[in-house]
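Engineer: Have a peek at upload10.txt (compact mmCIF, C-alpha atoms and all ligand atoms).
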# COMPACT_ATOMS: atom_id res chain seq x y z
CA MET F 150 -31.16 5.68 -15.09
CA ALA F 151 -28.85 7.21 -12.51
CA LYS F 152 -26.88 4.68 -10.51
CA ALA F 153 -27.56 4.37 -6.80
CA LYS F 154 -25.10 6.51 -4.84
CA TRP F 155 -23.27 3.59 -3.24
CA HIS F 156 -22.79 2.05 -6.64
CA ARG F 157 -20.73 4.96 -7.92
CA GLU F 158 -16.97 4.49 -7.91
CA LEU F 159 -15.36 6.31 -4.99
CA PHE F 160 -12.05 6.55 -6.85
CA GLU F 161 -12.01 8.02 -10.34
CA ARG F 162 -9.27 7.06 -12.77
CA HIS F 163 -7.28 9.93 -14.23
CA PRO F 164 -7.85 10.36 -17.97
CA ALA F 165 -4.07 10.55 -18.54
CA ASN F 166 -3.60 6.98 -17.22
CA PRO F 167 -1.22 5.29 -17.15
CA ILE F 168 0.71 8.33 -15.95
CA LEU F 169 4.13 6.63 -16.01
CA THR F 170 5.37 3.79 -18.16
CA VAL F 171 8.76 2.28 -18.86
CA ASP F 172 8.92 4.38 -22.05
CA ALA F 173 9.36 7.50 -19.89
CA TRP F 174 12.37 5.99 -18.09
CA PRO F 175 15.81 7.52 -18.67
CA TYR F 176 17.45 4.08 -18.64
CA PRO F 177 16.47 0.59 -19.84
CA ALA F 178 14.05 -1.34 -17.64
CA ASN F 179 11.29 -3.91 -17.92
CA ALA F 180 8.48 -2.33 -15.90
CA VAL F 181 7.68 0.57 -13.52
CA PHE F 182 4.93 0.06 -10.94
CA ASN F 183 3.93 -0.07 -7.23
CA ALA F 184 5.22 3.40 -6.29
CA GLY F 185 5.36 4.84 -2.79
CA ALA F 186 4.06 8.43 -2.70
CA VAL F 187 4.59 11.46 -0.51
CA LEU F 188 4.36 15.25 -0.62
CA VAL F 189 7.70 17.00 -0.23
CA GLY F 190 6.61 20.62 0.22
CA GLN F 191 4.17 21.04 -2.66
CA THR F 192 5.99 18.54 -4.87
CA THR F 193 4.64 15.02 -5.28
CA LEU F 194 7.42 12.47 -5.01
CA LEU F 195 6.93 8.92 -6.16
CA LEU F 196 9.42 6.23 -5.25
CA VAL F 197 8.74 3.92 -8.14
CA ARG F 198 9.55 0.23 -8.17
CA VAL F 199 11.56 -0.39 -11.32
CA GLU F 200 12.07 -3.96 -12.43
CA ASP F 201 15.18 -4.28 -14.54
CA ARG F 202 15.66 -6.67 -17.40
CA ARG F 203 17.13 -9.32 -15.10
CA GLY F 204 13.91 -9.38 -13.07
CA ILE F 205 15.47 -7.60 -10.06
CA SER F 206 13.75 -4.47 -8.69
CA HIS F 207 15.19 -1.20 -7.38
CA LEU F 208 13.54 2.13 -6.48
CA CYS F 209 13.69 5.33 -8.51
CA ALA F 210 12.36 8.77 -7.53
CA ALA F 211 10.07 10.76 -9.84
CA ARG F 212 8.91 14.27 -8.92
CA SER F 213 6.03 16.36 -10.25
CA ALA F 214 4.62 19.79 -9.36
CA ASP F 215 0.99 18.73 -9.86
CA GLY F 216 1.28 15.00 -9.20
CA VAL F 217 0.01 14.14 -12.68
CA PHE F 218 2.26 15.54 -15.39
CA GLY F 219 5.84 16.75 -15.92
CA TRP F 220 7.61 14.00 -13.97
CA GLN F 221 11.30 14.58 -13.35
CA ILE F 222 12.76 11.12 -13.09
CA ASP F 223 16.16 10.47 -11.50
CA GLN F 224 18.64 9.69 -14.26
CA LYS F 225 19.82 6.56 -12.49
CA PRO F 226 18.44 4.23 -9.80
CA THR F 227 17.81 6.12 -6.52
CA PHE F 228 17.83 3.20 -4.06
CA CYS F 229 19.33 -0.13 -5.10
CA ALA F 230 19.60 -3.47 -3.36
CA ASP F 231 22.86 -3.79 -1.44
CA PRO F 232 23.29 -7.55 -1.05
CA ALA F 233 26.99 -7.24 -0.13
CA ASN F 234 26.05 -5.49 3.12
CA TYR F 235 22.42 -6.59 3.40
CA PRO F 236 22.25 -10.17 2.08
CA GLU F 237 18.47 -10.19 2.54
CA GLU F 238 18.30 -7.87 -0.49
CA LEU F 239 19.79 -10.48 -2.82
CA TYR F 240 16.87 -10.48 -5.26
CA GLY F 241 16.05 -6.78 -5.04
CA VAL F 242 14.01 -4.20 -3.19
CA GLU F 243 10.29 -3.74 -3.88
CA ASP F 244 7.02 -1.97 -3.04
CA PRO F 245 8.08 0.97 -0.80
CA ARG F 246 5.63 2.60 1.64
CA ILE F 247 6.71 6.07 2.78
CA THR F 248 5.83 7.72 6.10
CA PHE F 249 6.80 11.29 6.98
CA VAL F 250 7.66 11.51 10.67
CA SER F 251 7.30 15.14 11.77
CA GLU F 252 8.94 14.37 15.15
CA THR F 253 12.29 13.78 13.40
CA GLY F 254 11.73 15.45 10.03
CA GLU F 255 12.58 12.15 8.31
CA TYR F 256 10.84 9.95 5.80
CA LEU F 257 10.69 6.31 6.83
CA ILE F 258 10.53 3.79 4.04
CA ALA F 259 9.22 0.28 4.66
CA TYR F 260 10.09 -1.89 1.68
CA THR F 261 10.20 -5.53 0.71
CA ALA F 262 13.68 -7.03 0.67
CA TYR F 263 13.57 -10.12 -1.50
CA SER F 264 15.87 -12.61 0.22
CA GLN F 265 16.96 -16.14 -0.50
CA SER F 266 14.44 -17.25 2.15
CA GLY F 267 11.62 -15.17 0.69
CA PRO F 268 10.37 -11.60 1.10
CA LEU F 269 10.78 -9.68 4.35
CA VAL F 270 10.20 -6.16 5.69
CA SER F 271 13.17 -3.76 5.75
CA LEU F 272 13.32 -0.13 6.84
CA ALA F 273 15.35 2.83 5.65
CA ARG F 274 15.20 6.54 6.38
CA THR F 275 15.99 9.65 4.40
CA ARG F 276 15.62 13.41 4.57
CA ASP F 277 16.01 14.15 0.88
CA PHE F 278 15.50 10.95 -1.17
CA VAL F 279 19.13 11.30 -2.24
CA SER F 280 20.96 9.66 0.65
CA PHE F 281 19.43 6.88 2.68
CA GLU F 282 20.25 5.22 5.98
CA ARG F 283 19.24 1.59 6.29
CA LEU F 284 17.80 0.33 9.55
CA GLY F 285 17.98 -3.21 8.20
CA ALA F 286 15.53 -6.07 8.32
CA ALA F 287 12.58 -5.46 10.65
CA MET F 288 10.75 -8.77 10.19
CA ALA F 289 11.84 -12.31 9.32
CA PRO F 290 10.57 -13.89 6.08
CA ASP F 291 7.94 -14.32 4.80
CA ASP F 292 6.59 -10.91 5.65
CA LYS F 293 5.77 -7.86 3.49
CA ASP F 294 3.21 -5.09 2.80
CA ALA F 295 4.35 -2.98 5.74
CA ALA F 296 4.12 0.68 6.72
CA VAL F 297 5.06 2.55 9.88
CA PHE F 298 2.61 4.96 11.53
CA PRO F 299 3.85 8.57 11.55
CA VAL F 300 3.38 8.96 15.33
CA ARG F 301 4.19 6.91 18.41
CA PHE F 302 1.60 5.23 20.62
CA GLY F 303 2.53 5.32 24.30
CA GLY F 304 6.10 6.09 23.27
CA ARG F 305 6.35 3.18 20.83
CA TRP F 306 6.41 3.07 17.04
CA ALA F 307 3.80 0.91 15.34
CA MET F 308 3.91 -0.94 12.04
CA ILE F 309 1.30 -2.81 10.04
CA HIS F 310 2.70 -5.82 8.18
CA ARG F 311 1.67 -9.14 6.67
CA PRO F 312 3.42 -12.31 7.79
CA SER F 313 2.63 -15.24 5.49
CA SER F 314 4.62 -18.33 6.28
CA ASN F 315 1.90 -20.84 5.51
CA ILE F 316 -0.65 -19.29 3.17
CA GLU F 317 -2.08 -22.59 1.87
CA SER F 318 -3.22 -23.81 5.26
CA HIS F 319 -3.64 -20.60 7.27
CA GLY F 320 -4.06 -17.74 4.82
CA ALA F 321 -2.21 -14.40 5.05
CA HIS F 322 -3.49 -11.72 7.41
CA MET F 323 -2.59 -8.22 8.57
CA TRP F 324 -0.73 -7.78 11.86
CA LEU F 325 0.38 -4.87 13.99
CA SER F 326 3.72 -4.70 15.82
CA TYR F 327 5.39 -2.20 18.11
CA SER F 328 8.96 -1.03 18.62
CA PRO F 329 10.74 1.26 21.07
CA ASP F 330 13.43 2.18 18.53
CA LEU F 331 12.31 1.19 14.99
CA LYS F 332 14.81 -1.66 15.22
CA HIS F 333 13.33 -4.20 17.61
CA TRP F 334 9.76 -5.17 16.79
CA GLY F 335 7.37 -7.23 18.90
CA ASP F 336 4.11 -7.26 20.86
CA PHE F 337 2.54 -8.74 17.71
CA ARG F 338 -1.22 -8.41 17.37
CA ALA F 339 -3.56 -9.65 14.68
CA LEU F 340 -5.23 -6.64 13.07
CA MET F 341 -7.47 -7.86 10.26
CA TRP F 342 -8.15 -11.36 8.98
CA ALA F 343 -8.63 -12.39 5.39
CA ARG F 344 -12.16 -13.64 4.85
CA HIS F 345 -13.12 -17.06 3.49
CA GLY F 346 -14.89 -18.68 0.59
CA GLY F 347 -16.12 -16.52 -2.24
CA TRP F 348 -15.20 -13.17 -0.75
CA TRP F 349 -13.03 -10.83 -2.83
CA ASP F 350 -10.57 -10.68 0.08
CA ALA F 351 -10.59 -14.37 0.95
CA GLY F 352 -7.36 -16.12 1.90
CA LYS F 353 -4.83 -13.32 1.52
CA ILE F 354 -4.88 -9.63 2.41
CA GLY F 355 -2.14 -7.04 2.90
CA LEU F 356 -1.69 -3.33 3.52
CA ASN F 357 -1.31 -1.04 0.52
CA CYS F 358 -1.31 2.61 1.55
CA PRO F 359 0.28 3.87 4.78
CA PRO F 360 -2.10 4.94 7.56
CA LEU F 361 -3.52 8.42 6.97
CA LEU F 362 -4.89 10.28 9.98
CA THR F 363 -8.42 11.60 9.44
CA ALA F 364 -11.15 13.05 11.66
CA HIS F 365 -12.51 9.50 12.05
CA GLY F 366 -9.27 7.63 12.72
CA TRP F 367 -6.50 6.09 10.63
CA LEU F 368 -7.56 5.40 7.07
CA ILE F 369 -5.83 2.45 5.44
CA MET F 370 -6.20 0.77 2.08
CA TYR F 371 -5.55 -2.95 1.70
CA HIS F 372 -5.67 -5.54 -1.04
CA GLY F 373 -7.55 -8.79 -1.22
CA VAL F 374 -6.51 -11.58 -3.53
CA ARG F 375 -9.23 -13.71 -5.04
CA ILE F 376 -7.98 -16.91 -6.64
CA THR F 377 -10.00 -17.89 -9.70
CA ALA F 378 -9.67 -20.55 -12.40
CA ALA F 379 -8.10 -17.82 -14.56
CA GLY F 380 -5.58 -16.66 -11.92
CA ALA F 381 -5.52 -14.16 -9.07
CA ILE F 382 -7.46 -10.86 -9.00
CA TYR F 383 -6.01 -8.08 -6.81
CA ARG F 384 -8.68 -5.68 -5.55
CA LEU F 385 -8.70 -2.91 -2.93
CA GLY F 386 -10.72 -2.20 0.17
CA LEU F 387 -10.60 0.40 2.96
CA ALA F 388 -10.59 0.29 6.74
CA LEU F 389 -10.56 2.78 9.60
CA LEU F 390 -8.50 2.19 12.75
CA ASP F 391 -8.91 3.92 16.09
CA GLU F 392 -6.74 7.04 16.33
CA HIS F 393 -5.30 6.17 19.75
CA GLU F 394 -5.52 2.37 19.66
CA PRO F 395 -4.67 1.34 16.11
CA SER F 396 -5.22 -2.35 16.87
CA LYS F 397 -8.93 -1.51 17.02
CA VAL F 398 -10.63 -1.72 13.61
CA LEU F 399 -13.63 0.62 13.46
CA ARG F 400 -14.84 0.06 9.91
CA ARG F 401 -13.95 -2.25 7.03
CA THR F 402 -15.56 -2.21 3.64
CA ASP F 403 -17.43 -5.37 2.73
CA GLU F 404 -17.12 -4.55 -0.95
CA TRP F 405 -13.95 -3.71 -2.77
CA VAL F 406 -13.71 -0.02 -3.67
CA PHE F 407 -11.35 -0.42 -6.63
CA GLY F 408 -10.44 -3.30 -8.90
CA PRO F 409 -8.92 -4.06 -12.30
CA ARG F 410 -11.10 -2.75 -15.13
CA GLU F 411 -9.05 -0.85 -17.70
CA PRO F 412 -6.70 -2.55 -20.19
CA TYR F 413 -3.57 -1.31 -18.34
CA GLU F 414 -4.86 -3.01 -15.19
CA ARG F 415 -6.17 -6.16 -16.83
CA SER F 416 -3.15 -7.04 -18.93
CA GLY F 417 0.59 -6.68 -18.45
CA ASP F 418 3.29 -8.73 -16.75
CA VAL F 419 0.77 -9.87 -14.13
CA ALA F 420 -2.84 -9.60 -15.28
CA ASP F 421 -5.68 -8.20 -13.15
CA VAL F 422 -3.66 -6.31 -10.58
CA VAL F 423 -4.18 -2.85 -9.09
CA PHE F 424 -1.56 -2.32 -6.40
CA PRO F 425 -1.00 1.07 -4.74
CA CYS F 426 1.89 1.71 -2.36
CA GLY F 427 1.02 5.31 -1.58
CA TRP F 428 -1.50 8.10 -1.53
CA VAL F 429 -1.32 11.86 -1.11
CA LEU F 430 -3.94 14.13 0.43
CA GLN F 431 -3.97 17.66 -0.95
CA GLN F 432 -6.81 20.16 -0.58
CA GLY F 433 -9.37 17.48 0.21
CA GLN F 434 -8.40 15.36 -2.77
CA LEU F 435 -6.94 11.92 -2.16
CA ARG F 436 -4.59 10.90 -4.96
CA LEU F 437 -4.03 7.17 -5.12
CA TYR F 438 -0.97 6.01 -7.05
CA TYR F 439 -1.12 2.40 -8.07
CA GLY F 440 0.67 -0.17 -10.17
CA GLY F 441 -1.33 -1.51 -13.11
CA ALA F 442 -0.73 -5.20 -13.92
CA ASP F 443 2.82 -4.96 -12.50
CA THR F 444 3.70 -2.89 -15.59
CA CYS F 445 2.84 0.82 -15.21
CA VAL F 446 1.94 3.54 -12.69
CA ALA F 447 -1.61 4.90 -12.73
CA LEU F 448 -3.57 7.46 -10.72
CA ALA F 449 -7.09 7.54 -9.29
CA THR F 450 -8.56 10.33 -7.18
CA ALA F 451 -11.27 10.55 -4.56
CA ASN F 452 -12.80 13.20 -2.36
CA ILE F 453 -11.69 12.47 1.21
CA GLY F 454 -15.04 13.65 2.59
CA GLU F 455 -16.89 11.14 0.40
CA VAL F 456 -14.51 8.34 1.33
CA LEU F 457 -15.04 8.97 5.03
CA ALA F 458 -18.80 9.36 4.63
CA TYR F 459 -18.89 6.01 2.81
CA LEU F 460 -16.95 4.32 5.62
CA MET F 461 -18.88 5.94 8.45
CA ALA F 462 -22.19 4.84 6.88
CA LEU F 463 -21.05 1.20 7.27
CA PRO F 464 -21.93 -0.71 10.42
CA PRO F 465 -19.14 -0.94 13.01
CA TYR F 466 -16.55 -3.58 12.10
CA SER F 467 -17.22 -7.10 13.24
CA PRO F 468 -14.36 -9.58 12.94
CA GLN F 469 -16.87 -12.28 11.95
CA ASN F 470 -17.07 -13.11 8.27
CA LEU F 471 -20.65 -11.96 8.09
CA PRO F 472 -21.70 -9.52 5.42
CA VAL F 473 -23.28 -7.30 8.09
CA GLY F 474 -25.87 -4.91 6.76
CA PHE F 475 -25.41 -5.95 3.14
CA HIS F 476 -28.98 -6.97 2.47
CA GLU F 477 -30.49 -3.83 3.96
CA ARG F 478 -29.08 -1.95 1.00
CA PHE F 479 -31.46 -3.56 -1.48
C1 LIG I 501 2.20 -9.12 -4.63
C2 LIG I 501 3.37 -8.19 -4.58
C3 LIG I 501 3.23 -7.03 -5.52
C4 LIG I 501 2.67 -7.43 -6.86
C5 LIG I 501 1.49 -8.37 -6.72
C6 LIG I 501 0.96 -8.88 -8.05
O1 LIG I 501 2.46 -10.29 -3.91
O2 LIG I 501 4.52 -8.90 -4.92
O3 LIG I 501 4.49 -6.45 -5.72
O4 LIG I 501 2.23 -6.27 -7.52
O5 LIG I 501 1.88 -9.48 -5.94
O6 LIG I 501 1.95 -9.55 -8.77
For the file at hand, write its structure as structure tokens.
Structural biologist:
Amino acid sequence: MAKAKWHRELFERHPANPILTVDAWPYPANAVFNAGAVLVGQTTLLLVRVEDRRGISHLCAARSADGVFGWQIDQKPTFCADPANYPEELYGVEDPRITFVSETGEYLIAYTAYSQSGPLVSLARTRDFVSFERLGAAMAPDDKDAAVFPVRFGGRWAMIHRPSSNIESHGAHMWLSYSPDLKHWGDFRALMWARHGGWWDAGKIGLNCPPLLTAHGWLIMYHGVRITAAGAIYRLGLALLDEHEPSKVLRRTDEWVFGPREPYERSGDVADVVFPCGWVLQQGQLRLYYGGADTCVALATANIGEVLAYLMALPPYSPQNLPVGFHERF
């Protein structure tokens, strides 16, 4: 019997998955995962998180003409921690989110600097993914899962991020902050709360893919972490933010749209994790690049029209933890 339409997976895994593993790397490493993604001309560029065999991560660029095969991987690390000048990078740099800013022609990279006091958000910019200029730490620890919007709002830059100083008692939620200069951040506003209880996104959520402007507003993808007796499960949901007022959430999926299923997602260094850091929109196809089990890079694709239709068919977002409209589907 054909499955009901809403039951079909929005994102389809690529048959060549995982598309990048440590075996493809030109130098020794432990794992390659959680890659930022961007189109440079027609070339897909991934800034892959590479964990070395000390446990410290750096970033390495991989380029492909079709975004699936034929990856040209930099022969040595592209962007390494620089703890001598940036002590907050002592334990490495992780999980980059890339934003192309057409106003300046630069790519802004929001990444996790792993400091002695915990993870924090740092920013760097580049024009060519060869040389980089650091803007330094943007948020104090603990804070991660950040991306900058590609445009300003009322003259100010905006960034989504996830402070999490006291997860056990308060949970970890998504916030929005503004800056006049990409250096000084403030005017903090809560954006989306983790839900409670049995929900897939109870307790801890965080941004995955940078905001993508669509006809219906900014599309974002976020993760929810469900703690079970067997460990954590990282799953993914979607939300739409108002184009002009990004602190306004228009839609948020009640159900996750993607979760660990295949062996390369269910087992690895950290089991049951799908964790994208970037997506690329090309000719109506949304290509989602995600880390599988903190071990490999995989790809899933969706039709942007279907993704937006799915979101727009949901009831308007309510910040209450009520599964609005869920039962009407049956
Ligand atoms: C998160 C991040 C990700 C990682 C995930 C699962 O907190 O650190 O880099 O993929 O945990 O281990």
Engineer: If you take every atom of ligand LIG 501 (chain I) that the file lists and fit an axis-aligned box around them with 5 Å extra on each side, what centre and edge lengths come out in Å to one decimal, as AutoDock Vina command-line options?
Structural biologist:
--center_x 2.7 --center_y -8.3 --center_z -6.3 --size_x 13.6 --size_y 14.0 --size_z 14.9
Engineer: How would you report the residues lying within 10 Å of ligand LIG 501 (chain I), as a VMD selection string, if you count all atoms listed in the file?
Structural biologist: chain F and resid 182 to 184 198 206 243 to 245 261 263 268 293 to 294 353 to 355 357 372 374 381 to 383 418 to 426 439 to 444
Engineer: Store the residues picked out above in a file with C-alpha atoms, as a JSON list (two decimals), in the coordinates of the input.
Structural biologist:
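Listed below is the output, part-v4.json:
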[["chain", "number", "residue", "atom", "x", "y", "z"],
["F", 182, "PHE", "CA", 4.93, 0.06, -10.94],
["F", 183, "ASN", "CA", 3.93, -0.07, -7.23],
["F", 184, "ALA", "CA", 5.22, 3.40, -6.29],
["F", 198, "ARG", "CA", 9.55, 0.23, -8.17],
["F", 206, "SER", "CA", 13.75, -4.47, -8.69],
["F", 243, "GLU", "CA", 10.29, -3.74, -3.88],
["F", 244, "ASP", "CA", 7.02, -1.97, -3.04],
["F", 245, "PRO", "CA", 8.08, 0.97, -0.80],
["F", 261, "THR", "CA", 10.20, -5.53, 0.71],
["F", 263, "TYR", "CA", 13.57, -10.12, -1.50],
["F", 268, "PRO", "CA", 10.37, -11.60, 1.10],
["F", 293, "LYS", "CA", 5.77, -7.86, 3.49],
["F", 294, "ASP", "CA", 3.21, -5.09, 2.80],
["F", 353, "LYS", "CA", -4.83, -13.32, 1.52],
["F", 354, "ILE", "CA", -4.88, -9.63, 2.41],
["F", 355, "GLY", "CA", -2.14, -7.04, 2.90],
["F", 357, "ASN", "CA", -1.31, -1.04, 0.52],
["F", 372, "HIS", "CA", -5.67, -5.54, -1.04],
["F", 374, "VAL", "CA", -6.51, -11.58, -3.53],
["F", 381, "ALA", "CA", -5.52, -14.16, -9.07],
["F", 382, "ILE", "CA", -7.46, -10.86, -9.00],
["F", 383, "TYR", "CA", -6.01, -8.08, -6.81],
["F", 418, "ASP", "CA", 3.29, -8.73, -16.75],
["F", 419, "VAL", "CA", 0.77, -9.87, -14.13],
["F", 420, "ALA", "CA", -2.84, -9.60, -15.28],
["F", 421, "ASP", "CA", -5.68, -8.20, -13.15],
["F", 422, "VAL", "CA", -3.66, -6.31, -10.58],
["F", 423, "VAL", "CA", -4.18, -2.85, -9.09],
["F", 424, "PHE", "CA", -1.56, -2.32, -6.40],
["F", 425, "PRO", "CA", -1.00, 1.07, -4.74],
["F", 426, "CYS", "CA", 1.89, 1.71, -2.36],
["F", 439, "TYR", "CA", -1.12, 2.40, -8.07],
["F", 440, "GLY", "CA", 0.67, -0.17, -10.17],
["F", 441, "GLY", "CA", -1.33, -1.51, -13.11],
["F", 442, "ALA", "CA", -0.73, -5.20, -13.92],
["F", 443, "ASP", "CA", 2.82, -4.96, -12.50],
["F", 444, "THR", "CA", 3.70, -2.89, -15.59]]
Engineer: Can you pull out the residues contacting region 396-406 of chain F? Cut-off 10 Å, using only C-alpha atoms, and skip same-chain residues under 5 positions away; I want them as a count of residues only.
Structural biologist: 52
Engineer: Between F:Glu238, F:Pro312, F:Asp336, F:Val187, single out the one closest to Glu255 (chain F), counting only C-alpha atoms.
Structural biologist: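 Ranked by minimum distance to Glu255 (chain F), first place goes to F:Val187.
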Engineer: I'd like to know which of F:Ala165, F:Cys229, F:Val199, F:Leu457 is closest to Pro177 (chain F), using all atoms listed in the file.
Structural biologist: F:Val199
Engineer: Of the candidates F:Ala351, F:Val297, F:Ala287, F:Ala378, which shows the shortest atom-to-atom distance to Gly320 (chain F), using only C-alpha atoms?
Structural biologist: F:Ala351
Engineer: Quick check, in Å to one decimal: how far apart do CA of Gln221 (chain F) and CA of Pro359 (chain F) lie?
Structural biologist: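 Distance between the two atoms: 23.8 Å.
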Engineer: Do you know which residues are at most 12 Å from Leu195 (chain F) counting all atoms listed in the file, after dropping those on the same chain fewer than 6 positions away, and could you put them as a VMD selection string?
Structural biologist: chain F and resid 168 to 169 181 to 189 208 to 214 216 to 217 220 to 223 227 244 to 247 258 278 425 to 429 436 to 440 446 to 448
Engineer: Please measure the separation of CA of Phe302 (chain F) and CA of Tyr327 (chain F), giving the value in Å to one decimal.
Structural biologist: 8.7 Å
